[in-house]
>>> print(open('target_15.tsv').read())   # TSV, C-alpha atoms
chain	number	residue	atom	x	y	z
A	1	MET	CA	185.98	128.19	-25.39
A	2	THR	CA	188.43	130.32	-23.38
A	3	SER	CA	190.86	127.38	-23.03
A	4	ASN	CA	190.71	126.88	-26.82
A	5	ALA	CA	191.46	130.55	-27.42
A	6	SER	CA	194.42	130.54	-25.01
A	7	SER	CA	195.84	127.36	-26.57
A	8	ASP	CA	195.51	129.01	-30.00
A	9	LYS	CA	197.39	132.02	-28.72
A	10	THR	CA	200.23	129.90	-27.29
A	11	LYS	CA	200.39	127.94	-30.56
A	12	LYS	CA	200.65	131.19	-32.51
A	13	LYS	CA	203.33	132.43	-30.15
A	14	THR	CA	205.42	129.27	-30.48
A	15	ASN	CA	204.95	129.34	-34.26
A	16	ASN	CA	206.12	132.95	-34.35
A	17	GLU	CA	209.14	132.15	-32.23
A	18	LYS	CA	210.00	129.16	-34.42
A	19	SER	CA	209.72	131.19	-37.62
A	20	GLN	CA	211.87	133.96	-36.11
A	21	GLN	CA	214.54	131.42	-35.13
A	22	ALA	CA	214.44	129.91	-38.61
A	23	THR	CA	214.84	133.38	-40.18
A	24	ILE	CA	217.85	134.12	-37.97
A	25	LYS	CA	219.40	130.78	-38.90
A	26	ILE	CA	218.92	131.47	-42.61
A	27	LEU	CA	220.36	134.96	-42.20
A	28	MET	CA	223.41	133.61	-40.39
A	29	GLU	CA	223.97	131.02	-43.12
A	30	THR	CA	223.64	133.66	-45.85
A	31	ALA	CA	226.11	135.90	-44.02
A	32	GLU	CA	228.61	133.04	-43.75
A	33	ASN	CA	228.21	132.14	-47.45
A	34	LEU	CA	228.65	135.75	-48.48
A	35	GLN	CA	231.77	136.05	-46.37
A	36	LYS	CA	233.24	132.96	-48.04
A	37	GLU	CA	232.40	134.34	-51.49
A	38	ASN	CA	234.02	137.61	-50.48
A	39	GLU	CA	237.26	135.85	-49.51
A	40	ILE	CA	237.37	133.93	-52.82
A	41	LEU	CA	236.75	137.14	-54.78
A	42	LYS	CA	239.50	138.93	-52.87
A	43	ARG	CA	242.03	136.21	-53.74
A	44	LYS	CA	240.97	136.16	-57.41
A	45	THR	CA	241.27	139.94	-57.80
A	46	LEU	CA	244.68	140.00	-56.13
A	47	LYS	CA	245.91	137.23	-58.42
A	48	SER	CA	244.73	138.91	-61.61
A	49	GLN	CA	245.92	142.40	-60.69
A	50	ARG	CA	249.47	141.92	-59.45
A	51	THR	CA	251.68	144.94	-60.05
A	52	PRO	CA	254.30	144.49	-62.76
A	53	SER	CA	256.90	146.74	-61.08
A	54	GLY	CA	258.58	143.69	-59.50
A	55	LYS	CA	259.19	141.99	-62.85
A	56	ILE	CA	260.49	145.22	-64.41
A	57	GLY	CA	262.83	145.64	-61.44
A	58	PHE	CA	264.32	142.17	-61.88
A	59	VAL	CA	264.80	142.65	-65.65
A	60	LEU	CA	266.50	146.04	-65.19
A	61	LEU	CA	268.70	144.69	-62.41
A	62	THR	CA	269.89	141.74	-64.52
A	63	ILE	CA	270.59	143.82	-67.64
A	64	GLY	CA	272.35	146.46	-65.50
A	65	ALA	CA	274.57	143.90	-63.78
A	66	LEU	CA	275.53	142.36	-67.16
A	67	THR	CA	276.32	145.81	-68.60
A	68	LEU	CA	278.46	146.66	-65.57
A	69	ILE	CA	280.44	143.44	-66.00
A	70	GLY	CA	280.79	144.28	-69.71
A	71	SER	CA	282.08	147.76	-68.87
A	72	VAL	CA	284.74	146.33	-66.54
A	73	VAL	CA	285.86	143.81	-69.17
A	74	SER	CA	286.02	146.39	-71.99
A	75	SER	CA	286.97	149.40	-69.75
A	76	ASN	CA	284.16	151.40	-71.37
A	77	THR	CA	282.92	154.49	-69.48
A	78	VAL	CA	279.64	154.77	-71.40
A	79	LEU	CA	278.78	151.13	-70.68
A	80	ALA	CA	279.60	151.70	-67.00
A	81	PHE	CA	277.19	154.65	-66.79
A	82	ILE	CA	274.44	152.67	-68.53
A	83	GLY	CA	275.06	149.70	-66.24
A	84	LEU	CA	275.00	151.87	-63.12
A	85	GLY	CA	271.77	153.52	-64.20
A	86	LEU	CA	269.99	150.26	-65.05
A	87	THR	CA	271.15	148.53	-61.85
A	88	PHE	CA	270.07	151.48	-59.74
A	89	TRP	CA	266.59	151.75	-61.31
A	90	GLY	CA	266.13	147.99	-61.06
A	91	ALA	CA	266.97	148.08	-57.37
A	92	LEU	CA	264.73	151.11	-56.89
A	93	PHE	CA	261.72	149.42	-58.51
A	94	LEU	CA	262.18	146.43	-56.25
A	95	PHE	CA	262.57	148.66	-53.19
A	96	SER	CA	259.66	150.98	-53.92
A	97	ARG	CA	257.26	148.23	-54.95
A	98	PRO	CA	254.16	148.87	-52.85
A	99	ILE	CA	253.36	145.46	-51.39
A	100	LYS	CA	250.52	146.75	-49.26
A	101	PHE	CA	248.85	148.81	-51.98
A	102	VAL	CA	245.70	147.42	-53.53
A	103	ARG	CA	243.51	148.80	-56.29
A	104	GLY	CA	240.73	151.14	-55.29
A	105	THR	CA	238.12	148.98	-57.03
A	106	LEU	CA	238.94	146.20	-54.58
A	107	LEU	CA	237.76	148.38	-51.70
A	108	ASP	CA	234.13	148.59	-52.73
A	109	SER	CA	233.97	145.06	-54.11
A	110	THR	CA	234.91	143.74	-50.66
A	111	ALA	CA	232.32	145.98	-49.01
A	112	VAL	CA	229.47	144.91	-51.30
A	113	SER	CA	228.73	141.66	-49.44
A	114	SER	CA	228.47	143.44	-46.06
A	115	TYR	CA	225.89	145.91	-47.39
A	116	THR	CA	223.93	143.17	-49.17
A	117	THR	CA	223.78	141.27	-45.87
A	118	ILE	CA	222.71	144.33	-43.88
A	119	ASP	CA	220.03	145.17	-46.49
A	120	ARG	CA	218.72	141.60	-46.37
A	121	MET	CA	218.61	141.55	-42.59
A	122	VAL	CA	216.83	144.90	-42.27
A	123	GLU	CA	214.36	144.06	-45.02
A	124	ASP	CA	213.64	140.62	-43.63
A	125	LEU	CA	213.13	141.87	-40.09
A	126	ASN	CA	211.14	144.84	-41.48
A	127	TYR	CA	213.05	147.36	-39.38
A	128	LYS	CA	212.40	150.99	-40.24
A	129	GLY	CA	214.35	152.91	-37.63
A	130	LYS	CA	217.35	155.15	-38.28
A	131	PRO	CA	220.66	153.52	-37.28
A	132	ILE	CA	222.34	155.14	-34.29
A	133	TYR	CA	226.08	155.07	-33.67
A	134	ILE	CA	226.74	154.42	-30.00
A	135	ALA	CA	230.17	155.40	-28.69
A	136	PRO	CA	232.04	152.76	-26.71
A	137	TYR	CA	233.67	153.21	-23.32
A	138	PRO	CA	237.34	154.24	-23.60
A	139	ARG	CA	239.65	151.23	-23.90
A	140	GLU	CA	241.69	152.30	-20.90
A	141	ALA	CA	238.62	152.71	-18.65
A	142	TYR	CA	238.11	150.02	-16.03
A	143	LEU	CA	234.96	147.97	-16.40
A	144	PRO	CA	233.97	144.73	-14.67
A	145	GLU	CA	234.22	141.58	-16.79
A	146	TYR	CA	230.46	141.35	-17.49
A	147	MET	CA	230.45	144.94	-18.83
A	148	LYS	CA	233.43	144.54	-21.21
A	149	GLY	CA	231.05	144.47	-24.18
A	150	LEU	CA	230.57	148.22	-23.73
A	151	LYS	CA	234.07	148.82	-25.05
A	152	GLU	CA	232.99	147.92	-28.57
A	153	MET	CA	231.62	150.43	-31.04
A	154	ILE	CA	228.13	149.49	-32.24
A	155	VAL	CA	225.37	150.69	-34.51
A	156	PHE	CA	221.91	150.13	-33.17
A	157	ILE	CA	219.24	149.67	-35.85
A	158	PRO	CA	215.87	150.09	-34.11
A	159	ALA	CA	212.68	148.47	-35.35
A	160	GLU	CA	210.78	151.76	-35.20
A	161	ASP	CA	211.94	155.31	-35.77
A	162	ILE	CA	211.08	156.78	-32.39
A	163	THR	CA	212.46	154.56	-29.71
A	164	THR	CA	214.34	154.48	-26.46
A	165	MET	CA	217.96	153.42	-26.38
A	166	PRO	CA	218.96	149.93	-25.21
A	167	THR	CA	220.14	149.74	-21.63
A	168	MET	CA	223.83	149.38	-20.75
A	169	GLU	CA	223.23	145.85	-19.47
A	170	GLU	CA	221.74	144.82	-22.80
A	171	MET	CA	224.59	146.34	-24.80
A	172	ALA	CA	227.17	144.75	-22.52
A	173	LYS	CA	225.82	141.29	-23.38
A	174	LYS	CA	227.08	141.74	-26.99
A	175	GLN	CA	223.74	140.51	-28.33
A	176	PHE	CA	222.75	140.81	-31.97
A	177	LEU	CA	218.98	140.88	-31.52
A	178	LEU	CA	217.68	143.18	-28.80
A	179	LYS	CA	214.19	142.76	-27.42
A	180	ASN	CA	213.66	145.93	-25.42
A	181	PRO	CA	213.73	148.19	-27.42
A	182	LYS	CA	213.38	145.98	-30.47
A	183	GLY	CA	216.32	146.24	-32.84
A	184	ILE	CA	219.67	144.83	-33.89
A	185	CYS	CA	223.21	145.75	-32.91
A	186	ILE	CA	225.95	145.45	-35.52
A	187	THR	CA	229.57	146.54	-35.79
A	188	PRO	CA	229.83	149.64	-38.01
A	189	PRO	CA	231.28	148.97	-41.49
A	190	GLY	CA	233.88	151.69	-40.92
A	191	TYR	CA	235.04	150.61	-37.47
A	192	GLY	CA	238.31	149.19	-38.80
A	193	LEU	CA	239.01	152.46	-40.60
A	194	THR	CA	238.39	154.41	-37.38
A	195	ASN	CA	241.14	152.42	-35.67
A	196	LEU	CA	243.42	153.13	-38.65
A	197	PHE	CA	242.70	156.87	-38.36
A	198	GLU	CA	243.71	156.75	-34.68
A	199	LYS	CA	246.93	154.96	-35.60
A	200	GLU	CA	247.76	157.55	-38.25
A	201	LEU	CA	246.91	160.44	-35.93
A	202	ARG	CA	248.98	158.82	-33.14
A	203	THR	CA	246.37	159.89	-30.63
A	204	LYS	CA	243.00	158.69	-29.39
A	205	PHE	CA	239.72	160.24	-30.40
A	206	THR	CA	238.72	160.39	-26.74
A	207	GLN	CA	241.58	162.84	-26.17
A	208	MET	CA	240.48	165.20	-28.94
A	209	ASN	CA	237.80	167.82	-29.23
A	210	LEU	CA	235.48	168.21	-32.19
A	211	GLU	CA	237.34	171.18	-33.68
A	212	ARG	CA	240.65	169.33	-33.70
A	213	LEU	CA	238.99	166.28	-35.20
A	214	CYS	CA	237.44	168.39	-37.99
A	215	SER	CA	240.83	169.89	-38.84
A	216	SER	CA	243.01	166.77	-38.60
A	217	LEU	CA	240.78	164.11	-40.21
A	218	PRO	CA	240.83	165.59	-43.77
A	219	ASN	CA	244.63	165.56	-43.72
A	220	ILE	CA	244.79	161.89	-42.73
A	221	ILE	CA	242.13	160.75	-45.20
A	222	VAL	CA	243.36	162.77	-48.20
A	223	LYS	CA	247.14	162.82	-47.78
A	224	ASN	CA	248.07	159.77	-45.73
A	225	LEU	CA	245.47	157.17	-46.71
A	226	GLU	CA	244.45	158.69	-50.06
A	227	LEU	CA	240.85	157.56	-49.64
A	228	ALA	CA	239.51	160.74	-51.24
A	229	LYS	CA	240.77	163.69	-53.24
A	230	GLU	CA	239.16	166.35	-51.05
A	231	LEU	CA	237.35	166.22	-47.74
A	232	GLU	CA	235.69	168.95	-45.73
A	233	ILE	CA	234.04	168.73	-42.32
A	234	ASN	CA	231.99	171.67	-41.03
A	235	GLN	CA	230.14	171.98	-37.79
A	236	GLU	CA	226.74	173.70	-37.62
A	237	ASN	CA	225.22	173.40	-34.14
A	238	ASP	CA	224.25	169.74	-33.66
A	239	LEU	CA	224.63	169.05	-37.39
A	240	ILE	CA	227.99	168.16	-38.90
A	241	ASN	CA	228.38	168.46	-42.64
A	242	LEU	CA	230.83	166.25	-44.51
A	243	LYS	CA	231.75	166.82	-48.14
A	244	ILE	CA	233.85	164.21	-49.93
A	245	VAL	CA	235.20	164.61	-53.45
A	246	ASP	CA	236.18	161.45	-55.34
A	247	SER	CA	235.80	158.98	-52.50
A	248	ALA	CA	237.32	155.50	-52.89
A	249	TYR	CA	233.89	154.09	-51.94
A	250	LYS	CA	231.81	156.27	-54.30
A	251	ASP	CA	230.63	153.31	-56.42
A	252	LEU	CA	228.70	151.93	-53.45
A	253	TYR	CA	226.30	154.88	-53.86
A	254	SER	CA	225.45	153.99	-57.46
A	255	THR	CA	221.79	153.38	-58.20
A	256	GLU	CA	222.75	150.16	-60.01
A	257	LYS	CA	223.84	148.61	-56.73
A	258	GLY	CA	220.85	150.15	-54.99
A	259	PHE	CA	221.94	149.62	-51.40
A	260	LYS	CA	219.43	151.06	-48.94
A	261	SER	CA	221.64	150.72	-45.88
A	262	ILE	CA	224.38	152.88	-47.42
A	263	HIS	CA	222.15	155.94	-46.92
A	264	SER	CA	221.42	155.17	-43.27
A	265	ILE	CA	224.65	153.53	-42.06
A	266	GLY	CA	226.99	155.16	-44.57
A	267	CYS	CA	229.83	153.79	-46.69
A	268	PRO	CA	232.92	152.53	-44.81
A	269	LEU	CA	234.48	156.02	-44.97
A	270	THR	CA	231.41	157.97	-43.79
A	271	SER	CA	230.73	155.26	-41.21
A	272	ALA	CA	234.30	155.60	-39.90
A	273	ILE	CA	233.83	159.35	-39.57
A	274	ALA	CA	230.52	158.76	-37.75
A	275	CYS	CA	232.38	156.44	-35.33
A	276	ALA	CA	235.09	159.09	-34.81
A	277	LEU	CA	232.42	161.76	-34.15
A	278	ALA	CA	230.59	159.52	-31.68
A	279	ILE	CA	233.82	158.73	-29.78
A	280	THR	CA	235.03	162.36	-29.73
A	281	THR	CA	231.73	163.93	-28.69
A	282	ALA	CA	230.63	160.98	-26.51
A	283	LYS	CA	227.17	161.45	-28.02
A	284	LEU	CA	224.91	159.36	-30.21
A	285	VAL	CA	225.39	160.01	-33.91
A	286	THR	CA	222.99	159.41	-36.78
A	287	ILE	CA	223.20	160.10	-40.48
A	288	ALA	CA	220.46	162.69	-40.93
A	289	LYS	CA	220.76	163.06	-44.69
A	290	ASP	CA	223.08	162.23	-47.55
A	291	ALA	CA	223.37	163.27	-51.17
A	292	ALA	CA	225.54	162.09	-54.02
A	293	SER	CA	226.07	163.97	-57.29
A	294	PRO	CA	224.87	162.14	-60.45
A	295	ASP	CA	228.47	161.27	-61.43
A	296	LEU	CA	229.14	160.21	-57.79
A	297	LYS	CA	232.12	162.57	-57.69
A	298	THR	CA	230.82	164.52	-54.70
A	299	ILE	CA	229.16	162.93	-51.71
A	300	GLU	CA	227.65	165.02	-48.93
A	301	VAL	CA	226.59	163.65	-45.57
A	302	TRP	CA	224.91	165.42	-42.65
A	303	TYR	CA	225.49	163.85	-39.25
A	304	GLN	CA	223.34	164.67	-36.27
A	305	THR	CA	224.56	164.34	-32.71
A	306	LEU	CA	222.03	163.36	-30.06
A	307	GLU	CA	222.28	163.41	-26.31
A	308	ALA	CA	222.47	159.93	-24.86
B	1	MET	CA	290.10	144.82	-66.13
B	2	ASN	CA	289.57	148.02	-64.13
B	3	PHE	CA	286.31	149.75	-63.29
B	4	PRO	CA	286.27	152.64	-65.80
B	5	LEU	CA	284.66	155.30	-63.54
B	6	ASP	CA	286.49	157.33	-60.89
B	7	LEU	CA	285.01	158.92	-57.77
B	8	TRP	CA	284.24	162.21	-59.56
B	9	ASP	CA	282.23	160.41	-62.28
B	10	ILE	CA	280.25	158.47	-59.71
B	11	SER	CA	279.67	161.64	-57.68
B	12	LEU	CA	278.26	163.39	-60.73
B	13	TRP	CA	276.05	160.43	-61.58
B	14	ILE	CA	274.73	160.28	-58.02
B	15	ALA	CA	273.91	164.01	-58.05
B	16	VAL	CA	272.03	163.82	-61.35
B	17	THR	CA	270.08	160.70	-60.29
B	18	ALA	CA	269.19	162.25	-56.92
B	19	ILE	CA	267.76	165.34	-58.62
B	20	ILE	CA	265.74	163.23	-61.09
B	21	LEU	CA	264.36	161.10	-58.26
B	22	LEU	CA	263.44	164.05	-56.07
B	23	VAL	CA	261.63	165.81	-58.92
B	24	THR	CA	259.84	162.57	-59.91
B	25	SER	CA	258.71	161.81	-56.35
B	26	GLU	CA	257.35	165.36	-56.03
B	27	LEU	CA	255.53	165.33	-59.36
B	28	LEU	CA	254.18	161.80	-59.08
B	29	ALA	CA	250.39	161.90	-58.65
B	30	PRO	CA	249.08	160.20	-55.52
B	31	TYR	CA	246.64	158.17	-57.60
B	32	SER	CA	248.18	155.24	-59.38
B	33	GLU	CA	245.58	155.37	-62.16
B	34	TYR	CA	247.76	157.94	-63.94
B	35	LEU	CA	250.55	155.40	-64.14
B	36	GLY	CA	248.28	152.64	-65.41
B	37	ASP	CA	249.30	149.25	-64.08
B	38	PHE	CA	252.63	150.52	-62.83
B	39	VAL	CA	252.45	151.19	-59.11
B	40	ILE	CA	255.22	152.79	-57.11
B	41	ASP	CA	255.51	153.85	-53.49
B	42	LYS	CA	256.14	157.60	-53.47
B	43	THR	CA	257.52	157.83	-49.95
B	44	ARG	CA	260.10	155.10	-50.57
B	45	MET	CA	261.13	156.80	-53.80
B	46	ARG	CA	261.68	160.06	-51.91
B	47	LEU	CA	263.68	158.19	-49.27
B	48	ALA	CA	265.92	156.75	-52.00
B	49	ALA	CA	266.38	160.24	-53.46
B	50	LEU	CA	267.37	161.65	-50.08
B	51	LEU	CA	269.81	158.78	-49.52
B	52	LEU	CA	271.38	159.48	-52.91
B	53	GLY	CA	271.65	163.16	-52.01
B	54	ALA	CA	273.45	162.20	-48.80
B	55	ALA	CA	275.73	159.87	-50.78
B	56	PHE	CA	276.60	162.80	-53.07
B	57	MET	CA	277.49	164.93	-50.05
B	58	VAL	CA	279.76	162.13	-48.81
B	59	THR	CA	281.60	162.04	-52.17
B	60	VAL	CA	282.03	165.83	-52.02
B	61	LEU	CA	283.44	165.54	-48.48
B	62	ILE	CA	285.88	162.86	-49.68
B	63	ARG	CA	286.98	165.24	-52.46
B	64	VAL	CA	287.51	168.01	-49.92
B	65	VAL	CA	289.43	165.88	-47.44
B	66	MET	CA	291.47	164.02	-50.07
B	67	PRO	CA	291.87	166.26	-53.15
B	68	PRO	CA	293.07	164.46	-56.31
>>> encode(input="target_15.tsv", output="structure tokens")
Amino acid sequence: MTSNASSDKTKKKTNNEKSQQATIKILMETAENLQKENEILKRKTLKSQRTPSGKIGFVLLTIGALTLIGSVVSSNTVLAFIGLGLTFWGALFLFSRPIKFVRGTLLDSTAVSSYTTIDRMVEDLNYKGKPIYIAPYPREAYLPEYMKGLKEMIVFIPAEDITTMPTMEEMAKKQFLLKNPKGICITPPGYGLTNLFEKELRTKFTQMNLERLCSSLPNIIVKNLELAKELEINQENDLINLKIVDSAYKDLYSTEKGFKSIHSIGCPLTSAIACALAITTAKLVTIAKDAASPDLKTIEVWYQTLEA
Amino acid sequence: MNFPLDLWDISLWIAVTAIILLVTSELLAPYSEYLGDFVIDKTRMRLAALLLGAAFMVTVLIRVVMPP
């Protein structure tokens, strides 16, 4: 009887393991497919929304050059002025054509697939814990080869709400699924933006304090990168309040899209700020609460810093 | 078959264009949605305006050094 029971248990265990492996495989395949779809969409949008300033520039330049030649042939001052003006504006349109600028709508359409994937993963694994931003080791710090994984920013999504943090050894292995404590480790959606903020600031977040970060980040986001119209960061003890007006990622908060992970991990912009806060304070950061106005114009996020 | 404009004409044209460009680059909204499909890089526009301003100063200097 006892041997039967133990064999049943082992069978159940192996079945569970097999089903878990199959789920992970399916999730990986879905993620890959979504990424491919994302790339195709990106190309399509870029093709259909090319800026016309280049064409206008060429037309103006050609007409201007012809008028200038005409003015020389007929010795006409008025024609010369017109020709100069047209040539100059044509050249200016070609020079000031923003090659790197893309439409704001492209930003959230490229982020949609990432949030769909995260939502699917969390729902499928039935994880209920609050994601925690874990600051990486500074890039310039020396770490042995097997610990190099600690230099990457991660978000840990625990299976349960109250949990211990994964050990350094576990994080250093760069694993996706963690067993003790149970959870998953992913790269934050705003990690790329965090690096961009550092580039724009021409300094590292590790060399800043929280007050300086709160005063310099709005300038970079609003004026340099134009990701929002207004941005305010206020510190209240261990809570940090962020208020964004007209964010480039506001559509991700719409109820139509219904992303659950956006409220726990944040949109790429709020996630990038969470990364910056984690790096600057060298503490764990979670999104305690968020609220979006009905027209999505204003988004408020409350970050909480936790001792590691 | 001579170019009909002299240095003084060109200098005046440069000055007027530089002012127009500087004012435009200052007034241009940071969001391209106001310009519809037409997108322009504000910083480059301002750079062009400043270059034109410098070019105007050069023409003035030429007038000072070599009066007509």
>>> residues_around(input="target_15.tsv", residues="Leu7 (chain B)", least_positions_apart="3", cutoff="12 Å", atoms="only C-alpha atoms", output="VMD selection string")
chain B and resid 3 to 4 10 to 14 55 to 56 58 to 63 66 to 68
>>> residues_around(input="target_15.tsv", residues="region 17-21 of chain B", least_positions_apart="2", cutoff="12 Å", atoms="all atoms listed in the file", output="JSON, numbers by chain")
{"A": [81, 84, 85, 86, 88, 89, 92, 93, 96], "B": [10, 11, 12, 13, 14, 15, 23, 24, 25, 26, 27, 28, 42, 43, 44, 45, 46, 47, 48, 49, 50, 51, 52, 53, 54, 55, 56, 57]}
>>> closest_residue(input="target_15.tsv", among="A:Leu296, A:Leu66, A:Ala274, A:Ala288", to="Met153 (chain A)", atoms="all atoms listed in the file")
A:Ala274
>>> atom_distance(input="target_15.tsv", atom1="CA of Glu170 (chain A)", atom2="CA of Glu152 (chain A)")
13.0 Å
>>> atom_distance(input="target_15.tsv", atom1="CA of Thr87 (chain A)", atom2="CA of Met1 (chain B)")
19.8 Å
>>> atom_distance(input="target_15.tsv", atom1="CA of Ala248 (chain A)", atom2="CA of Leu107 (chain A)")
7.2 Å
>>> residues_around(input="target_15.tsv", residues="region 203-212 of chain A", least_positions_apart="2", cutoff="10 Å", atoms="all atoms listed in the file", output="MDAnalysis selection string")
chainID A and resid 137:139 194:195 197:201 214:217 233:235 275:282
>>> write_last_selection(input="target_15.tsv", atoms="C-alpha atoms", output="PDB file, keeping the file's coordinate frame")
ATOM      1  CA  TYR A 137     233.670 153.210 -23.320  1.00  0.00           C
ATOM      2  CA  PRO A 138     237.340 154.240 -23.600  1.00  0.00           C
ATOM      3  CA  ARG A 139     239.650 151.230 -23.900  1.00  0.00           C
ATOM      4  CA  THR A 194     238.390 154.410 -37.380  1.00  0.00           C
ATOM      5  CA  ASN A 195     241.140 152.420 -35.670  1.00  0.00           C
ATOM      6  CA  PHE A 197     242.700 156.870 -38.360  1.00  0.00           C
ATOM      7  CA  GLU A 198     243.710 156.750 -34.680  1.00  0.00           C
ATOM      8  CA  LYS A 199     246.930 154.960 -35.600  1.00  0.00           C
ATOM      9  CA  GLU A 200     247.760 157.550 -38.250  1.00  0.00           C
ATOM     10  CA  LEU A 201     246.910 160.440 -35.930  1.00  0.00           C
ATOM     11  CA  CYS A 214     237.440 168.390 -37.990  1.00  0.00           C
ATOM     12  CA  SER A 215     240.830 169.890 -38.840  1.00  0.00           C
ATOM     13  CA  SER A 216     243.010 166.770 -38.600  1.00  0.00           C
ATOM     14  CA  LEU A 217     240.780 164.110 -40.210  1.00  0.00           C
ATOM     15  CA  ILE A 233     234.040 168.730 -42.320  1.00  0.00           C
ATOM     16  CA  ASN A 234     231.990 171.670 -41.030  1.00  0.00           C
ATOM     17  CA  GLN A 235     230.140 171.980 -37.790  1.00  0.00           C
ATOM     18  CA  CYS A 275     232.380 156.440 -35.330  1.00  0.00           C
ATOM     19  CA  ALA A 276     235.090 159.090 -34.810  1.00  0.00           C
ATOM     20  CA  LEU A 277     232.420 161.760 -34.150  1.00  0.00           C
ATOM     21  CA  ALA A 278     230.590 159.520 -31.680  1.00  0.00           C
ATOM     22  CA  ILE A 279     233.820 158.730 -29.780  1.00  0.00           C
ATOM     23  CA  THR A 280     235.030 162.360 -29.730  1.00  0.00           C
ATOM     24  CA  THR A 281     231.730 163.930 -28.690  1.00  0.00           C
ATOM     25  CA  ALA A 282     230.630 160.980 -26.510  1.00  0.00           C
TER      26      ALA A 282
END
>>> residues_around(input="target_15.tsv", residues="Met28 (chain A)", least_positions_apart="3", cutoff="12 Å", atoms="all atoms listed in the file", output="MDAnalysis selection string")
chainID A and resid 21:25 31:35 117:118 120:121 176
>>> residues_near_point(input="target_15.tsv", point="(277.8, 144.3, -68.4)", cutoff="12 Å", atoms="all atoms listed in the file", output="list of chain:residue names")
A:Leu60, A:Leu61, A:Thr62, A:Ile63, A:Gly64, A:Ala65, A:Leu66, A:Thr67, A:Leu68, A:Ile69, A:Gly70, A:Ser71, A:Val72, A:Val73, A:Ser74, A:Ser75, A:Asn76, A:Thr77, A:Val78, A:Leu79, A:Ala80, A:Phe81, A:Ile82, A:Gly83, A:Leu84, A:Gly85, A:Leu86, A:Thr87, B:Phe3
>>> closest_residue(input="target_15.tsv", among="A:Ala159, A:Ile186, A:Leu225, A:Leu213", to="chain B", atoms="all atoms listed in the file")
A:Leu225
>>> axis_aligned_box(input="target_15.tsv", around="region 121-132 of chain A", padding_each_side="3 Å", output="AutoDock Vina command-line options")
--center_x 216.7 --center_y 147.9 --center_z -39.7 --size_x 17.2 --size_y 20.5 --size_z 16.7
>>> closest_residue(input="target_15.tsv", among="A:Val112, A:Gln20, A:Leu143, A:Asp119", to="Leu177 (chain A)", atoms="only C-alpha atoms")
A:Gln20
